[in-house]
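Quick look at data10.pdb (PDB, C-alpha atoms):
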ATOM      1  CA  MET Y   1     -10.660  24.987  -3.567  1.00  0.00           C
ATOM      2  CA  ASP Y   2     -10.580  21.484  -2.074  1.00  0.00           C
ATOM      3  CA  ILE Y   3     -12.808  19.157  -4.121  1.00  0.00           C
ATOM      4  CA  GLU Y   4     -14.645  17.802  -1.037  1.00  0.00           C
ATOM      5  CA  GLN Y   5     -15.363  21.303   0.255  1.00  0.00           C
ATOM      6  CA  ASN Y   6     -16.529  22.380  -3.186  1.00  0.00           C
ATOM      7  CA  GLN Y   7     -18.845  19.346  -3.369  1.00  0.00           C
ATOM      8  CA  ALA Y   8     -20.322  20.136   0.041  1.00  0.00           C
ATOM      9  CA  GLU Y   9     -21.045  23.744  -0.902  1.00  0.00           C
ATOM     10  CA  LEU Y  10     -22.629  22.749  -4.221  1.00  0.00           C
ATOM     11  CA  ILE Y  11     -24.790  20.083  -2.572  1.00  0.00           C
ATOM     12  CA  ASP Y  12     -25.946  22.539   0.083  1.00  0.00           C
ATOM     13  CA  ASN Y  13     -26.825  25.065  -2.613  1.00  0.00           C
ATOM     14  CA  PHE Y  14     -28.873  22.618  -4.692  1.00  0.00           C
ATOM     15  CA  VAL Y  15     -30.598  21.168  -1.623  1.00  0.00           C
ATOM     16  CA  LYS Y  16     -31.758  24.661  -0.692  1.00  0.00           C
ATOM     17  CA  GLN Y  17     -33.007  25.298  -4.235  1.00  0.00           C
ATOM     18  CA  ALA Y  18     -34.865  21.984  -4.399  1.00  0.00           C
ATOM     19  CA  SER Y  19     -36.446  22.548  -0.993  1.00  0.00           C
ATOM     20  CA  VAL Y  20     -38.343  25.629  -2.184  1.00  0.00           C
ATOM     21  CA  GLN Y  21     -39.442  24.262  -5.581  1.00  0.00           C
ATOM     22  CA  LYS Y  22     -42.164  21.830  -6.540  1.00  0.00           C
ATOM     23  CA  GLY Y  23     -43.353  19.924  -9.574  1.00  0.00           C
ATOM     24  CA  THR Y  24     -42.109  21.117 -12.959  1.00  0.00           C
ATOM     25  CA  ALA Y  25     -39.931  23.798 -11.349  1.00  0.00           C
ATOM     26  CA  LEU Y  26     -37.750  21.064  -9.904  1.00  0.00           C
ATOM     27  CA  GLY Y  27     -36.849  19.989 -13.441  1.00  0.00           C
ATOM     28  CA  SER Y  28     -34.583  23.005 -13.981  1.00  0.00           C
ATOM     29  CA  VAL Y  29     -32.888  22.485 -10.607  1.00  0.00           C
ATOM     30  CA  ILE Y  30     -32.226  18.825 -11.402  1.00  0.00           C
ATOM     31  CA  LEU Y  31     -30.982  19.692 -14.896  1.00  0.00           C
ATOM     32  CA  GLU Y  32     -28.562  22.241 -13.481  1.00  0.00           C
ATOM     33  CA  ALA Y  33     -27.330  19.862 -10.770  1.00  0.00           C
ATOM     34  CA  THR Y  34     -26.765  16.948 -13.148  1.00  0.00           C
ATOM     35  CA  SER Y  35     -24.980  19.220 -15.623  1.00  0.00           C
ATOM     36  CA  HIS Y  36     -22.670  20.946 -13.143  1.00  0.00           C
ATOM     37  CA  PRO Y  37     -19.026  20.065 -13.943  1.00  0.00           C
ATOM     38  CA  SER Y  38     -17.981  19.827 -10.283  1.00  0.00           C
ATOM     39  CA  LEU Y  39     -20.897  17.931  -8.732  1.00  0.00           C
ATOM     40  CA  PHE Y  40     -20.710  14.116  -8.512  1.00  0.00           C
ATOM     41  CA  ALA Y  41     -22.991  13.297  -5.543  1.00  0.00           C
ATOM     42  CA  PHE Y  42     -26.779  13.504  -5.596  1.00  0.00           C
ATOM     43  CA  SER Y  43     -28.155  11.466  -2.674  1.00  0.00           C
ATOM     44  CA  GLU Y  44     -28.715  14.556  -0.525  1.00  0.00           C
ATOM     45  CA  ILE Y  45     -30.793  16.118  -3.289  1.00  0.00           C
ATOM     46  CA  LEU Y  46     -32.756  12.875  -3.692  1.00  0.00           C
ATOM     47  CA  ALA Y  47     -33.549  12.996   0.030  1.00  0.00           C
ATOM     48  CA  VAL Y  48     -35.221  16.419  -0.215  1.00  0.00           C
ATOM     49  CA  PRO Y  49     -38.968  15.881   0.502  1.00  0.00           C
ATOM     50  CA  THR Y  50     -40.152  17.901  -2.493  1.00  0.00           C
ATOM     51  CA  VAL Y  51     -37.988  15.745  -4.775  1.00  0.00           C
ATOM     52  CA  ALA Y  52     -39.230  12.500  -3.240  1.00  0.00           C
ATOM     53  CA  GLU Y  53     -42.791  13.704  -3.762  1.00  0.00           C
ATOM     54  CA  LEU Y  54     -42.249  13.545  -7.551  1.00  0.00           C
ATOM     55  CA  GLU Y  55     -42.671   9.758  -7.373  1.00  0.00           C
ATOM     56  CA  GLY Y  56     -45.852   8.694  -9.168  1.00  0.00           C
ATOM     57  CA  THR Y  57     -46.617  12.149 -10.571  1.00  0.00           C
ATOM     58  CA  GLU Y  58     -46.497  13.434 -14.128  1.00  0.00           C
ATOM     59  CA  ASN Y  59     -43.101  14.950 -13.255  1.00  0.00           C
ATOM     60  CA  SER Y  60     -41.623  11.669 -11.992  1.00  0.00           C
ATOM     61  CA  VAL Y  61     -39.286  11.650 -14.985  1.00  0.00           C
ATOM     62  CA  TYR Y  62     -37.163  14.300 -13.251  1.00  0.00           C
ATOM     63  CA  LEU Y  63     -36.819  11.991 -10.262  1.00  0.00           C
ATOM     64  CA  LYS Y  64     -35.729   9.161 -12.566  1.00  0.00           C
ATOM     65  CA  VAL Y  65     -33.071  11.381 -14.109  1.00  0.00           C
ATOM     66  CA  LEU Y  66     -31.724  12.284 -10.696  1.00  0.00           C
ATOM     67  CA  GLN Y  67     -31.729   8.601  -9.660  1.00  0.00           C
ATOM     68  CA  LEU Y  68     -29.855   7.768 -12.840  1.00  0.00           C
ATOM     69  CA  PHE Y  69     -27.090  10.243 -11.977  1.00  0.00           C
ATOM     70  CA  ALA Y  70     -26.986   9.098  -8.365  1.00  0.00           C
ATOM     71  CA  HIS Y  71     -26.676   5.374  -9.074  1.00  0.00           C
ATOM     72  CA  GLY Y  72     -26.701   4.633 -12.803  1.00  0.00           C
ATOM     73  CA  THR Y  73     -24.281   4.502 -15.736  1.00  0.00           C
ATOM     74  CA  TRP Y  74     -24.211   5.437 -19.383  1.00  0.00           C
ATOM     75  CA  SER Y  75     -25.258   1.869 -20.271  1.00  0.00           C
ATOM     76  CA  ASP Y  76     -28.277   2.201 -17.985  1.00  0.00           C
ATOM     77  CA  TYR Y  77     -29.323   5.339 -19.821  1.00  0.00           C
ATOM     78  CA  ARG Y  78     -28.957   3.734 -23.240  1.00  0.00           C
ATOM     79  CA  SER Y  79     -31.071   0.798 -22.065  1.00  0.00           C
ATOM     80  CA  ASN Y  80     -33.855   3.092 -20.777  1.00  0.00           C
ATOM     81  CA  CYS Y  81     -33.535   6.152 -23.008  1.00  0.00           C
ATOM     82  CA  SER Y  82     -37.064   5.697 -24.314  1.00  0.00           C
ATOM     83  CA  SER Y  83     -38.513   6.448 -20.878  1.00  0.00           C
ATOM     84  CA  LEU Y  84     -36.096   9.274 -20.061  1.00  0.00           C
ATOM     85  CA  PRO Y  85     -35.652  12.750 -21.538  1.00  0.00           C
ATOM     86  CA  GLN Y  86     -32.786  13.309 -23.945  1.00  0.00           C
ATOM     87  CA  LEU Y  87     -29.670  14.378 -22.081  1.00  0.00           C
ATOM     88  CA  VAL Y  88     -27.823  17.585 -22.913  1.00  0.00           C
ATOM     89  CA  PRO Y  89     -24.078  17.303 -23.738  1.00  0.00           C
ATOM     90  CA  ASP Y  90     -22.991  18.312 -20.217  1.00  0.00           C
ATOM     91  CA  GLN Y  91     -25.208  15.586 -18.758  1.00  0.00           C
ATOM     92  CA  VAL Y  92     -23.795  13.015 -21.191  1.00  0.00           C
ATOM     93  CA  LEU Y  93     -20.253  13.947 -20.132  1.00  0.00           C
ATOM     94  CA  LYS Y  94     -21.186  13.777 -16.442  1.00  0.00           C
ATOM     95  CA  LEU Y  95     -22.861  10.373 -16.762  1.00  0.00           C
ATOM     96  CA  LYS Y  96     -19.811   8.952 -18.558  1.00  0.00           C
ATOM     97  CA  GLN Y  97     -17.533  10.314 -15.814  1.00  0.00           C
ATOM     98  CA  LEU Y  98     -19.766   8.653 -13.232  1.00  0.00           C
ATOM     99  CA  THR Y  99     -19.615   5.419 -15.238  1.00  0.00           C
ATOM    100  CA  VAL Y 100     -15.819   5.346 -14.856  1.00  0.00           C
ATOM    101  CA  LEU Y 101     -16.235   5.771 -11.090  1.00  0.00           C
ATOM    102  CA  THR Y 102     -18.684   2.868 -10.986  1.00  0.00           C
ATOM    103  CA  LEU Y 103     -16.307   0.606 -12.922  1.00  0.00           C
ATOM    104  CA  ALA Y 104     -13.454   1.589 -10.591  1.00  0.00           C
ATOM    105  CA  GLU Y 105     -15.460   0.385  -7.564  1.00  0.00           C
ATOM    106  CA  THR Y 106     -14.922  -3.267  -8.447  1.00  0.00           C
ATOM    107  CA  ASN Y 107     -11.760  -3.306 -10.547  1.00  0.00           C
ATOM    108  CA  LYS Y 108      -8.601  -1.240 -10.277  1.00  0.00           C
ATOM    109  CA  VAL Y 109      -7.376  -2.319 -13.713  1.00  0.00           C
ATOM    110  CA  LEU Y 110      -9.885  -1.378 -16.419  1.00  0.00           C
ATOM    111  CA  PRO Y 111      -9.294  -2.840 -19.905  1.00  0.00           C
ATOM    112  CA  TYR Y 112      -9.589  -0.363 -22.764  1.00  0.00           C
ATOM    113  CA  ASP Y 113     -12.053  -2.621 -24.580  1.00  0.00           C
ATOM    114  CA  GLU Y 114     -14.433  -2.625 -21.606  1.00  0.00           C
ATOM    115  CA  LEU Y 115     -14.146   1.139 -21.185  1.00  0.00           C
ATOM    116  CA  MET Y 116     -14.798   1.810 -24.874  1.00  0.00           C
ATOM    117  CA  MET Y 117     -17.893  -0.396 -24.768  1.00  0.00           C
ATOM    118  CA  GLU Y 118     -19.261   1.130 -21.529  1.00  0.00           C
ATOM    119  CA  LEU Y 119     -18.554   4.719 -22.600  1.00  0.00           C
ATOM    120  CA  ASP Y 120     -19.612   4.258 -26.209  1.00  0.00           C
ATOM    121  CA  VAL Y 121     -16.191   5.401 -27.460  1.00  0.00           C
ATOM    122  CA  MET Y 122     -14.955   4.371 -30.899  1.00  0.00           C
ATOM    123  CA  ASN Y 123     -11.148   4.332 -30.581  1.00  0.00           C
ATOM    124  CA  VAL Y 124      -8.263   4.326 -28.087  1.00  0.00           C
ATOM    125  CA  ARG Y 125      -7.215   7.913 -28.799  1.00  0.00           C
ATOM    126  CA  GLU Y 126     -10.693   9.220 -27.974  1.00  0.00           C
ATOM    127  CA  LEU Y 127     -10.800   7.065 -24.834  1.00  0.00           C
ATOM    128  CA  GLU Y 128      -7.415   8.237 -23.541  1.00  0.00           C
ATOM    129  CA  ASP Y 129      -8.299  11.880 -24.222  1.00  0.00           C
ATOM    130  CA  PHE Y 130     -11.498  11.422 -22.223  1.00  0.00           C
ATOM    131  CA  LEU Y 131      -9.725   9.736 -19.301  1.00  0.00           C
ATOM    132  CA  ILE Y 132      -7.022  12.416 -19.172  1.00  0.00           C
ATOM    133  CA  ASN Y 133      -9.027  15.579 -19.851  1.00  0.00           C
ATOM    134  CA  GLU Y 134     -12.402  14.729 -18.313  1.00  0.00           C
ATOM    135  CA  CYS Y 135     -11.488  12.361 -15.482  1.00  0.00           C
ATOM    136  CA  MET Y 136      -7.926  12.848 -14.264  1.00  0.00           C
ATOM    137  CA  TYR Y 137      -7.831  16.614 -14.796  1.00  0.00           C
ATOM    138  CA  ALA Y 138     -11.214  16.847 -13.073  1.00  0.00           C
ATOM    139  CA  GLY Y 139      -9.680  15.189 -10.018  1.00  0.00           C
ATOM    140  CA  ILE Y 140     -12.178  12.328  -9.791  1.00  0.00           C
ATOM    141  CA  VAL Y 141      -9.608   9.641 -10.651  1.00  0.00           C
ATOM    142  CA  ARG Y 142      -5.862   9.179 -10.646  1.00  0.00           C
ATOM    143  CA  GLY Y 143      -4.128   6.445 -12.521  1.00  0.00           C
ATOM    144  CA  LYS Y 144      -1.833   5.292 -15.294  1.00  0.00           C
ATOM    145  CA  LEU Y 145      -2.669   4.691 -18.929  1.00  0.00           C
ATOM    146  CA  ASP Y 146      -0.909   1.518 -20.057  1.00  0.00           C
ATOM    147  CA  GLN Y 147      -0.933   1.539 -23.847  1.00  0.00           C
ATOM    148  CA  LEU Y 148       1.067  -1.676 -24.084  1.00  0.00           C
ATOM    149  CA  ARG Y 149      -1.411  -3.665 -21.992  1.00  0.00           C
ATOM    150  CA  ARG Y 150      -4.350  -1.561 -23.222  1.00  0.00           C
ATOM    151  CA  CYS Y 151      -5.712  -0.786 -19.773  1.00  0.00           C
ATOM    152  CA  PHE Y 152      -6.231   2.018 -17.263  1.00  0.00           C
ATOM    153  CA  GLU Y 153      -4.649   1.304 -13.847  1.00  0.00           C
ATOM    154  CA  ILE Y 154      -6.674   3.075 -11.158  1.00  0.00           C
ATOM    155  CA  GLN Y 155      -4.761   4.510  -8.195  1.00  0.00           C
ATOM    156  CA  PHE Y 156      -7.616   6.586  -6.783  1.00  0.00           C
ATOM    157  CA  ALA Y 157     -11.279   7.060  -7.617  1.00  0.00           C
ATOM    158  CA  ALA Y 158     -13.874   9.256  -5.947  1.00  0.00           C
ATOM    159  CA  GLY Y 159     -16.794   7.423  -4.406  1.00  0.00           C
ATOM    160  CA  ARG Y 160     -20.345   7.541  -5.748  1.00  0.00           C
ATOM    161  CA  ASP Y 161     -23.638   7.687  -3.881  1.00  0.00           C
ATOM    162  CA  LEU Y 162     -24.556   4.416  -2.193  1.00  0.00           C
ATOM    163  CA  ARG Y 163     -27.141   2.447  -4.129  1.00  0.00           C
ATOM    164  CA  PRO Y 164     -30.200   1.047  -2.335  1.00  0.00           C
ATOM    165  CA  GLY Y 165     -29.150  -2.092  -0.456  1.00  0.00           C
ATOM    166  CA  GLN Y 166     -25.452  -1.366  -0.919  1.00  0.00           C
ATOM    167  CA  LEU Y 167     -24.908  -0.210   2.658  1.00  0.00           C
ATOM    168  CA  GLY Y 168     -25.371  -3.720   4.084  1.00  0.00           C
ATOM    169  CA  SER Y 169     -22.882  -5.138   1.600  1.00  0.00           C
ATOM    170  CA  MET Y 170     -20.405  -2.393   2.424  1.00  0.00           C
ATOM    171  CA  ILE Y 171     -20.764  -3.040   6.163  1.00  0.00           C
ATOM    172  CA  GLN Y 172     -20.124  -6.748   5.554  1.00  0.00           C
ATOM    173  CA  THR Y 173     -17.066  -5.946   3.457  1.00  0.00           C
ATOM    174  CA  LEU Y 174     -15.704  -3.667   6.165  1.00  0.00           C
ATOM    175  CA  SER Y 175     -16.418  -6.312   8.817  1.00  0.00           C
ATOM    176  CA  ASN Y 176     -14.519  -8.912   6.778  1.00  0.00           C
ATOM    177  CA  TRP Y 177     -11.649  -6.484   6.342  1.00  0.00           C
ATOM    178  CA  LEU Y 178     -11.625  -5.775  10.074  1.00  0.00           C
ATOM    179  CA  GLY Y 179     -11.511  -9.501  10.841  1.00  0.00           C
ATOM    180  CA  SER Y 180      -8.653 -10.021   8.403  1.00  0.00           C
ATOM    181  CA  SER Y 181      -6.825  -7.061   9.908  1.00  0.00           C
ATOM    182  CA  ASP Y 182      -7.224  -8.494  13.417  1.00  0.00           C
ATOM    183  CA  ASN Y 183      -5.856 -11.863  12.273  1.00  0.00           C
ATOM    184  CA  LEU Y 184      -2.954 -10.157  10.555  1.00  0.00           C
ATOM    185  CA  LEU Y 185      -2.231  -8.131  13.680  1.00  0.00           C
ATOM    186  CA  VAL Y 186      -2.149 -11.293  15.817  1.00  0.00           C
ATOM    187  CA  SER Y 187       0.191 -12.928  13.316  1.00  0.00           C
ATOM    188  CA  ILE Y 188       2.496  -9.900  13.335  1.00  0.00           C
ATOM    189  CA  GLN Y 189       2.516  -9.821  17.150  1.00  0.00           C
ATOM    190  CA  GLU Y 190       3.425 -13.529  17.257  1.00  0.00           C
ATOM    191  CA  LYS Y 191       6.274 -12.961  14.804  1.00  0.00           C
ATOM    192  CA  ILE Y 192       7.521 -10.020  16.876  1.00  0.00           C
ATOM    193  CA  LYS Y 193       7.397 -12.183  20.009  1.00  0.00           C
ATOM    194  CA  TRP Y 194       9.286 -14.969  18.213  1.00  0.00           C
ATOM    195  CA  ALA Y 195      11.883 -12.469  16.965  1.00  0.00           C
ATOM    196  CA  ASP Y 196      12.330 -11.089  20.501  1.00  0.00           C
ATOM    197  CA  THR Y 197      12.780 -14.630  21.868  1.00  0.00           C
ATOM    198  CA  MET Y 198      15.347 -15.478  19.210  1.00  0.00           C
ATOM    199  CA  SER Y 199      17.141 -12.213  19.915  1.00  0.00           C
ATOM    200  CA  GLU Y 200      17.358 -13.031  23.619  1.00  0.00           C
ATOM    201  CA  LEU Y 201      18.595 -16.550  22.849  1.00  0.00           C
ATOM    202  CA  ASP Y 202      21.187 -15.094  20.495  1.00  0.00           C
ATOM    203  CA  LYS Y 203      22.371 -12.655  23.164  1.00  0.00           C
ATOM    204  CA  LYS Y 204      22.563 -15.469  25.723  1.00  0.00           C
ATOM    205  CA  HIS Y 205      24.516 -17.680  23.324  1.00  0.00           C
ATOM    206  CA  ARG Y 206      26.864 -14.822  22.502  1.00  0.00           C
ATOM    207  CA  LYS Y 207      27.550 -14.208  26.184  1.00  0.00           C
ATOM    208  CA  GLU Y 208      28.222 -17.923  26.734  1.00  0.00           C
ATOM    209  CA  VAL Y 209      30.663 -17.969  23.810  1.00  0.00           C
ATOM    210  CA  GLU Y 210      32.413 -14.847  25.052  1.00  0.00           C
ATOM    211  CA  ALA Y 211      32.678 -16.349  28.562  1.00  0.00           C
ATOM    212  CA  ARG Y 212      34.088 -19.577  27.108  1.00  0.00           C
ATOM    213  CA  VAL Y 213      36.637 -17.613  25.076  1.00  0.00           C
ATOM    214  CA  GLU Y 214      37.729 -15.765  28.213  1.00  0.00           C
ATOM    215  CA  GLU Y 215      38.086 -19.069  30.070  1.00  0.00           C
ATOM    216  CA  VAL Y 216      40.231 -20.472  27.263  1.00  0.00           C
ATOM    217  CA  LYS Y 217      42.347 -17.325  27.231  1.00  0.00           C
ATOM    218  CA  LYS Y 218      42.897 -17.585  30.999  1.00  0.00           C
ATOM    219  CA  SER Y 219      43.686 -21.297  30.735  1.00  0.00           C
ATOM    220  CA  VAL Y 220      46.220 -20.713  27.970  1.00  0.00           C
ATOM    221  CA  SER Y 221      47.743 -17.822  29.897  1.00  0.00           C
ATOM    222  CA  VAL Y 222      48.113 -19.884  33.091  1.00  0.00           C
ATOM    223  CA  LYS Y 223      49.595 -22.817  31.186  1.00  0.00           C
ATOM    224  CA  ALA Y 224      52.082 -20.581  29.429  1.00  0.00           C
ATOM    225  CA  GLU Y 225      53.076 -18.975  32.718  1.00  0.00           C
ATOM    226  CA  VAL Y 226      53.613 -22.368  34.365  1.00  0.00           C
ATOM    227  CA  GLU Y 227      55.748 -23.599  31.472  1.00  0.00           C
ATOM    228  CA  PHE Y 228      57.759 -20.382  31.505  1.00  0.00           C
ATOM    229  CA  ARG Y 229      58.419 -20.701  35.240  1.00  0.00           C
ATOM    230  CA  GLY Y 230      59.475 -24.313  34.742  1.00  0.00           C
ATOM    231  CA  LEU Y 231      62.092 -23.242  32.238  1.00  0.00           C
ATOM    232  CA  GLU Y 232      63.336 -20.565  34.602  1.00  0.00           C
ATOM    233  CA  ASP Y 233      63.757 -23.156  37.331  1.00  0.00           C
ATOM    234  CA  ILE Y 234      65.725 -25.410  35.018  1.00  0.00           C
ATOM    235  CA  TYR Y 235      68.156 -22.738  33.924  1.00  0.00           C
ATOM    236  CA  SER Y 236      68.554 -21.267  37.389  1.00  0.00           C
ATOM    237  CA  GLU Y 237      69.664 -24.577  39.082  1.00  0.00           C
ATOM    238  CA  PRO Y 238      73.480 -24.954  39.834  1.00  0.00           C
ATOM    239  CA  GLY Y 239      75.094 -27.028  37.152  1.00  0.00           C
ATOM    240  CA  GLY Y 240      72.044 -26.924  35.200  1.00  0.00           C
ATOM    241  CA  VAL Y 241      73.873 -25.079  32.365  1.00  0.00           C
ATOM    242  CA  MET Y 242      77.648 -25.224  31.844  1.00  0.00           C
ATOM    243  CA  ASP Y 243      79.360 -21.928  31.521  1.00  0.00           C
ATOM    244  CA  TYR Y 244      81.108 -21.423  28.215  1.00  0.00           C
ATOM    245  CA  GLU Y 245      84.458 -20.333  29.736  1.00  0.00           C
ATOM    246  CA  GLU Y 246      84.371 -23.271  32.104  1.00  0.00           C
ATOM    247  CA  ASP Y 247      83.894 -25.581  29.223  1.00  0.00           C
ATOM    248  CA  ARG Y 248      86.899 -24.124  27.376  1.00  0.00           C
ATOM    249  CA  SER Y 249      89.224 -24.494  30.341  1.00  0.00           C
ATOM    250  CA  ARG Y 250      88.546 -28.157  30.879  1.00  0.00           C
ATOM    251  CA  PRO Y 251      91.240 -30.490  29.428  1.00  0.00           C
ATOM    252  CA  LYS Y 252      90.238 -32.397  26.383  1.00  0.00           C
ATOM    253  CA  ARG Y 253      90.673 -36.135  26.221  1.00  0.00           C
ATOM    254  CA  ARG Y 254      92.942 -37.380  23.554  1.00  0.00           C
ATOM    255  CA  ARG Y 255      91.789 -40.240  21.533  1.00  0.00           C
ATOM    256  CA  HIS Y 256      94.244 -43.088  20.945  1.00  0.00           C
ATOM    257  CA  PRO Y 257      94.152 -44.743  17.632  1.00  0.00           C
ATOM    258  CA  ARG Y 258      92.893 -48.279  17.685  1.00  0.00           C
ATOM    259  CA  SER Y 259      95.452 -50.969  16.983  1.00  0.00           C
TER     260      SER Y 259
END
Mind converting the file's structure to structure tokens?
Amino acid sequence: MDIEQNQAELIDNFVKQASVQKGTALGSVILEATSHPSLFAFSEILAVPTVAELEGTENSVYLKVLQLFAHGTWSDYRSNCSSLPQLVPDQVLKLKQLTVLTLAETNKVLPYDELMMELDVMNVRELEDFLINECMYAGIVRGKLDQLRRCFEIQFAAGRDLRPGQLGSMIQTLSNWLGSSDNLLVSIQEKIKWADTMSELDKKHRKEVEARVEEVKKSVSVKAEVEFRGLEDIYSEPGGVMDYEEDRSRPKRRRHPRS
């Protein structure tokens, strides 16, 4: 099943469950959602009225857990573990997967040292096994493990839920990108126009050269024809060329020796 379609169906299912539960009963729904191996988006569940109503109640800890999985990282949990319930192994795995997605938002080349610190991993082998088995095989990231440079090169990463206040920043980023794209498009159009102009000039120059070559050919041809006709006239005139037999029959002058 397509990962996006699967996500949508899971979200719809948990939203329906959360909508009919209140108070402590929501804890089990949130635990199941944050432990599910195929669910990585939680903003729709956070928006359910019964979930929002947990704020300020004795069950607000469940809301904090859900907020952690929607926007937080493993480091955030370690920093606030005293005010949060202990996570089950499936939740720990999920939060570390989400941490990789958060890191991939701002950097497409993640150093091993940074990953090991953020994921609380002790060695490179354990880190690479996690990235391959729990991230790439899960379909949430694609990339290349560079052991020589000790980094993970991200080619694709699934997006996380937008954090409060992040929408404005994202809109600004998209606006900047749109402006840059417009400028690039204008530049490309100008280069295309310049290339078309140069092409037309080249064609015009080529035609001029070809016309000049034809003129030279005609000039040479006419000159050769005139010279050829001149030679014909010379050889066709009477007495212009002495016949060989005539030359033989003419008496030869005898030379007298000088005294």
Report, as JSON, the axis-aligned box around all atoms of segment 132-148 of chain Y present in the file, extended by 6 Å on each side; give centre and edge lengths in Å to one decimal place.
{"center_x": -5.7, "center_y": 7.6, "center_z": -16.9, "size_x": 25.5, "size_y": 30.5, "size_z": 26.3}
Name the closest residue to Asp76 of chain Y among the candidates Y:Val88, Y:Leu10, Y:Met136, Y:Leu95; distances are taken between atoms, counting all atoms listed in the file.
->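 The shortest atom-to-atom distance to Asp76 of chain Y comes from Y:Leu95.
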Explicit residues for the PyMOL selection byres ((chain Y and resi 34-41) around 7) (as a PyMOL selection string) = chain Y and resi 7+10+30-33+42-43+69-70+90-91+94+160-161
Residues from the last selection, C-alpha atoms, saved as an mmCIF file, in the frame of the given file:
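Result went into out_14.cif, see below:
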data_model
loop_
_atom_site.group_PDB
_atom_site.id
_atom_site.type_symbol
_atom_site.label_atom_id
_atom_site.label_comp_id
_atom_site.auth_asym_id
_atom_site.auth_seq_id
_atom_site.Cartn_x
_atom_site.Cartn_y
_atom_site.Cartn_z
ATOM 1 C CA GLN Y 7 -18.845 19.346 -3.369
ATOM 2 C CA LEU Y 10 -22.629 22.749 -4.221
ATOM 3 C CA ILE Y 30 -32.226 18.825 -11.402
ATOM 4 C CA LEU Y 31 -30.982 19.692 -14.896
ATOM 5 C CA GLU Y 32 -28.562 22.241 -13.481
ATOM 6 C CA ALA Y 33 -27.330 19.862 -10.770
ATOM 7 C CA PHE Y 42 -26.779 13.504 -5.596
ATOM 8 C CA SER Y 43 -28.155 11.466 -2.674
ATOM 9 C CA PHE Y 69 -27.090 10.243 -11.977
ATOM 10 C CA ALA Y 70 -26.986 9.098 -8.365
ATOM 11 C CA ASP Y 90 -22.991 18.312 -20.217
ATOM 12 C CA GLN Y 91 -25.208 15.586 -18.758
ATOM 13 C CA LYS Y 94 -21.186 13.777 -16.442
ATOM 14 C CA ARG Y 160 -20.345 7.541 -5.748
ATOM 15 C CA ASP Y 161 -23.638 7.687 -3.881
#
Nearby residues (all atoms listed in the file) at most 8 Å from Leu84 of chain Y, same-chain spacing under 5 positions excluded, as a ChimeraX atom specification | /Y:61,64-65,77
Figure out the distance between atom CA of Leu101 of chain Y and atom CA of Gly159 of chain Y, please, to one decimal in Å.
->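 Computed distance, atom CA of Gly159 of chain Y to atom CA of Leu101 of chain Y, equals 6.9 Å.
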Fewer than 2 positions away in the same chain doesn't count, so skip those; otherwise give me all residues within 9 Å of Glu44 of chain Y, counting all atoms listed in the file, as a PyMOL selection string.
-> chain Y and resi 11-12+15+41-42+46-48
Generate a file of the selected residues that holds C-alpha atoms, formatted as a PDB file, keeping the file's coordinate frame.
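Listing of out04.pdb after writing:
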ATOM      1  CA  ILE Y  11     -24.790  20.083  -2.572  1.00  0.00           C
ATOM      2  CA  ASP Y  12     -25.946  22.539   0.083  1.00  0.00           C
ATOM      3  CA  VAL Y  15     -30.598  21.168  -1.623  1.00  0.00           C
ATOM      4  CA  ALA Y  41     -22.991  13.297  -5.543  1.00  0.00           C
ATOM      5  CA  PHE Y  42     -26.779  13.504  -5.596  1.00  0.00           C
ATOM      6  CA  LEU Y  46     -32.756  12.875  -3.692  1.00  0.00           C
ATOM      7  CA  ALA Y  47     -33.549  12.996   0.030  1.00  0.00           C
ATOM      8  CA  VAL Y  48     -35.221  16.419  -0.215  1.00  0.00           C
TER       9      VAL Y  48
END
Could you work out how far atom CA of Glu114 of chain Y lies from atom CA of Leu131 of chain Y, giving the answer in Å with one decimal?
-> 13.4 Å
Given the file shown, determine the residues that the PyMOL selection byres ((chain Y and resi 109) around 8) selects; report them as a ChimeraX atom specification.
-> /Y:104,107-108,110-111,151-154
Check the smallest atom-to-atom distance from each of Y:Thr102, Y:Gln5, Y:Ser199, Y:Ser60 to Leu162 of chain Y using all atoms listed in the file, then report the winner.
->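 Checking each candidate against Leu162 of chain Y, we get Y:Thr102 as the closest.
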Distance in Å - atom CA of Lys218 of chain Y versus atom CA of Leu201 of chain Y |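 Separating atom CA of Lys218 of chain Y from atom CA of Leu201 of chain Y is a distance of 25.7 Å.
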Apply the PyMOL selection byres ((chain Y and resi 141) around 9) to the structure shown and report the selected residues as a ChimeraX atom specification.
-> /Y:100-101,104,131,135-140,142-143,154-158
Can you work out which one of Y:Val226, Y:Asn6, Y:Leu54, Y:Glu128 has the shortest atom-to-atom distance to Ala18 of chain Y, counting only C-alpha atoms?
->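 Answer, going by the shortest atom-to-atom distance: Y:Leu54.
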